[in-house]
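In what follows, a structure is listed as structure tokens, so that the remarks can point back to it.
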Amino acid sequence: MFSSTEIGIDLGTANVLVYTKNKGIILNEPSVVAVNTDTKQVIAFGAEAKEMIGKTPANITAVRPLQDGVIADFDITSQMLKHVMRKAGKTLGLAIRKPDVVVCTPSGATSVERRAIHDAVKSCGAKNVHLIEEPVAAAIGADLPVEEPVANVVVDIGGGTTEVAIISYGGVVNCNTVRIGGDLLNENIIQHVRKGYNLLIGERTAENIKIEIGYALVEHHEKKMDVRGRDLVTGLPKTITLSSYEIQESLKESLLHILEAIRATLENCPAELSGDIVDHGVVLSGGGALLNGMQEWLSDEIIVPVHIAPNPLESVAIGTGRALKFINKLQTVGK
Ligand SMILES: Nc1ncnc2c1ncn2[C@@H]1O[C@H](COP(=O)(O)OP(=O)(O)OP(=O)(O)O)[C@@H](O)[C@H]1O
Ligand SMILES: [Mg+2]
């Protein structure tokens with residue numbers, strides 16, 4: 001028993017989750033690390049570090065070591081993984097020494113990037129590290145019949161990337177990754193407020209605006225929100241009122257890129273599987289699936305049914321953990 005601990009990790013750009021078969025999701029933390037830049041010492045991880053973004057003194061920075069779904073800072077990612085494994089071990093009540101670990105990688109990751117993820121997990125004491133592509137994990141986590149010869153279409157809209165994949169018979173038939181996700185939507189909002197109001201707002205404020213009054217390109221009743229930031233002209237704090245209409249407009253271009261990726265994937269689908277898609281539709285996962293009006297907008301645009309996974313923020317982690325049971329079929333690196 002001791003040696004056969006198995007865990008699944010969703011090492012996401014925005015959030016890290018850990019899943020085990022018996023206990024379900026045992027860890028869910030933002031992928032943020034606070035570092036003292038003078039000493040290079042890690043001060044905080046996860047939620048605690050996220051609280052610090054944009055609020056720290058000059059010698060402390062809150063870093064997001066993963067960008068666009070891949071590792072941007074290897075050392076800090078390794079430290080974050082060590083912290084994640086320790087915390088998961090505590091929750092499990094036994095040391096997770098030498099676990100078998102499945103980690104998801106974005107399907108657009110290069111072999112060098114995949115190797116980096118593999119090595120970071122291995123350096124935390126994993127016995128075997130298996131890599132699974134994120135959309136496959138999302139499909140398994142959303143309870144789709146991925147092992148059957150039918151087309152399962154998954155659109156995973158994460159913080160860094162959107163991945164669209166058609167999965168059939170346990171493998172990816174066709175997929176597309178665009179480096180557009182929730183982070184870029186936040187950035188679109190920051191730019192809109194800066195240009196339109198000469199007001200500087202932080203990443204967290206932008207994310208709150210997106211969640212509260214961000215809409216996919218659908219008709220809706222206007223919502224308003226008061227937002228505080230720093231006036232770029234006077235340098236003083238200022239409050240403005242934003243409308244959901246202008247936020248929707250600011251997200252338009254990025255959302256259309258996501259739509260393009262979905263269309264391109266569906267257009268390249270083998271004819272035999274196209275019929276399945278009309279019947280079964282598309283499943284949305286990742287935090288971006290929760291954007292107001294997303295499901296409605298996409299189903300209008302691609303004219304097939306669009307469903308949201310039962311737990312869109314958790315699907316990949318759940319699928320990663322469940323994938324262990326047919327791990328032999330998955331790509332394994334460095335075993
Ligand atoms: N209700 C919501 N409305 C819109 N966006 C949301 C909502 N809730 C979360 N998000 C966004 O979802 C993103 C995080 O999603 P998720 O946890 O799936 O990403 P990730 O797996 O860490 O990233 P990636 O898969 O790209 O590596 C963030 O950008 C967050 O702002
Ligand atoms: Mg993800």
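Labels used: A, B, ... for chains in the order of the structure tokens, numbers from 1 for residues in each chain, and numbers from 1 for ligands as shown.
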
* To do: Can you tell me which residues come within 9 Å of ligand 2 when counting only C-alpha atoms and all ligand atoms, ideally as a PyMOL selection string?
  => chain A and resi 10-16+69+104-106+134-135+138+156-163+285-287+313-317

* Which residues, written as a PyMOL selection string, have at least one atom at most 7 Å from Ser254 of chain A, with only C-alpha atoms counted and residues fewer than 4 positions away on the same chain left out? -> chain A and resi 180+185+258

Got time to write the residues from that selection, N, CA and C atoms, as a PDB file, in the first residue's frame?
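The new file again_15.pdb reads:
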```
ATOM      1  N   ILE A 180      -4.381  31.679 -25.394  1.00  0.00           N
ATOM      2  CA  ILE A 180      -5.362  32.682 -24.987  1.00  0.00           C
ATOM      3  C   ILE A 180      -6.211  32.046 -23.893  1.00  0.00           C
ATOM      4  N   LEU A 185      -7.759  37.672 -20.846  1.00  0.00           N
ATOM      5  CA  LEU A 185      -9.010  38.422 -20.658  1.00  0.00           C
ATOM      6  C   LEU A 185      -8.814  39.481 -19.563  1.00  0.00           C
ATOM      7  N   ILE A 258     -10.666  32.413 -29.568  1.00  0.00           N
ATOM      8  CA  ILE A 258     -11.037  31.110 -28.987  1.00  0.00           C
ATOM      9  C   ILE A 258     -12.026  30.410 -29.928  1.00  0.00           C
TER      10      ILE A 258
END
```

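Put simply, atom CA of Leu217 of chain A is 6.1 Å away from atom CA of Trp297 of chain A.
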
* Shell around Ile277 of chain A at 9 Å using only C-alpha atoms, local window under 3 positions removed, as a list in words -> Val150, Ala151, Asn152, Val153, Leu266, Leu273, Ser274, His280, Gly281, Val282, Val304 and Pro305 of chain A

File of the preceding selection, N, CA and C atoms, as a PDB file, in the first residue's frame:
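The new file out_33.pdb reads:
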```pdb
ATOM      1  N   VAL A 150     -16.155   7.006 -30.318  1.00  0.00           N
ATOM      2  CA  VAL A 150     -17.052   8.122 -30.657  1.00  0.00           C
ATOM      3  C   VAL A 150     -16.287   9.418 -30.429  1.00  0.00           C
ATOM      4  N   ALA A 151     -16.716  10.472 -31.120  1.00  0.00           N
ATOM      5  CA  ALA A 151     -16.008  11.750 -30.981  1.00  0.00           C
ATOM      6  C   ALA A 151     -16.425  12.437 -29.685  1.00  0.00           C
ATOM      7  N   ASN A 152     -15.448  12.705 -28.829  1.00  0.00           N
ATOM      8  CA  ASN A 152     -15.681  13.504 -27.632  1.00  0.00           C
ATOM      9  C   ASN A 152     -14.940  14.815 -27.841  1.00  0.00           C
ATOM     10  N   VAL A 153     -15.671  15.920 -27.828  1.00  0.00           N
ATOM     11  CA  VAL A 153     -14.997  17.198 -28.057  1.00  0.00           C
ATOM     12  C   VAL A 153     -14.918  17.966 -26.746  1.00  0.00           C
ATOM     13  N   LEU A 266     -13.051  21.660 -35.344  1.00  0.00           N
ATOM     14  CA  LEU A 266     -14.235  20.941 -35.819  1.00  0.00           C
ATOM     15  C   LEU A 266     -14.183  20.740 -37.336  1.00  0.00           C
ATOM     16  N   LEU A 273     -16.629  11.097 -37.727  1.00  0.00           N
ATOM     17  CA  LEU A 273     -16.847  11.536 -36.348  1.00  0.00           C
ATOM     18  C   LEU A 273     -17.723  12.794 -36.271  1.00  0.00           C
ATOM     19  N   SER A 274     -17.865  13.484 -37.411  1.00  0.00           N
ATOM     20  CA  SER A 274     -18.638  14.736 -37.405  1.00  0.00           C
ATOM     21  C   SER A 274     -20.068  14.527 -36.919  1.00  0.00           C
ATOM     22  N   HIS A 280     -23.615  14.609 -29.826  1.00  0.00           N
ATOM     23  CA  HIS A 280     -23.133  14.722 -28.448  1.00  0.00           C
ATOM     24  C   HIS A 280     -22.705  16.124 -28.064  1.00  0.00           C
ATOM     25  N   GLY A 281     -22.311  16.907 -29.052  1.00  0.00           N
ATOM     26  CA  GLY A 281     -21.909  18.282 -28.772  1.00  0.00           C
ATOM     27  C   GLY A 281     -20.507  18.389 -28.206  1.00  0.00           C
ATOM     28  N   VAL A 282     -20.289  19.518 -27.560  1.00  0.00           N
ATOM     29  CA  VAL A 282     -18.971  19.911 -27.082  1.00  0.00           C
ATOM     30  C   VAL A 282     -19.055  20.113 -25.573  1.00  0.00           C
ATOM     31  N   VAL A 304     -23.804  23.445 -32.471  1.00  0.00           N
ATOM     32  CA  VAL A 304     -23.926  22.091 -31.904  1.00  0.00           C
ATOM     33  C   VAL A 304     -24.162  22.298 -30.406  1.00  0.00           C
ATOM     34  N   PRO A 305     -24.721  21.285 -29.732  1.00  0.00           N
ATOM     35  CA  PRO A 305     -24.973  21.475 -28.299  1.00  0.00           C
ATOM     36  C   PRO A 305     -23.668  21.723 -27.529  1.00  0.00           C
TER      37      PRO A 305
END
```

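If you measure from each of A:Ala309, A:Val173, A:Ile190, A:Leu236 to Ser250 of chain A using only C-alpha atoms, the closest one turns out to be A:Ile190.
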
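Among the candidates A:Ile9, A:Met85, A:Ala34, A:Val63, the residue lying nearest to ligand 1 is A:Ile9 (atoms considered: only C-alpha atoms and all ligand atoms).
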
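Proximity to ligand 1 was assessed for A:Thr39, A:Asn268, A:Gln67, A:Thr77 counting only C-alpha atoms and all ligand atoms; the smallest distance is recorded for A:Gln67.
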
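Closest approach to ligand 1 among A:Gly54, A:Pro65, A:Pro149, A:Gly275: A:Pro65, based on only C-alpha atoms and all ligand atoms.
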
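By only C-alpha atoms, and with residues fewer than 3 positions from Ala142 of chain A along its chain excluded, the set lying at most 10 Å from it is Val136, Ala137, Ala138, Ala139, Pro145, Val146, Val154, Val283, Leu284, Ser285, Ile308, Ala309, Pro310, Asn311, Pro312, Glu314, Ser315, Val316, Ile318 and Gly319 of chain A.
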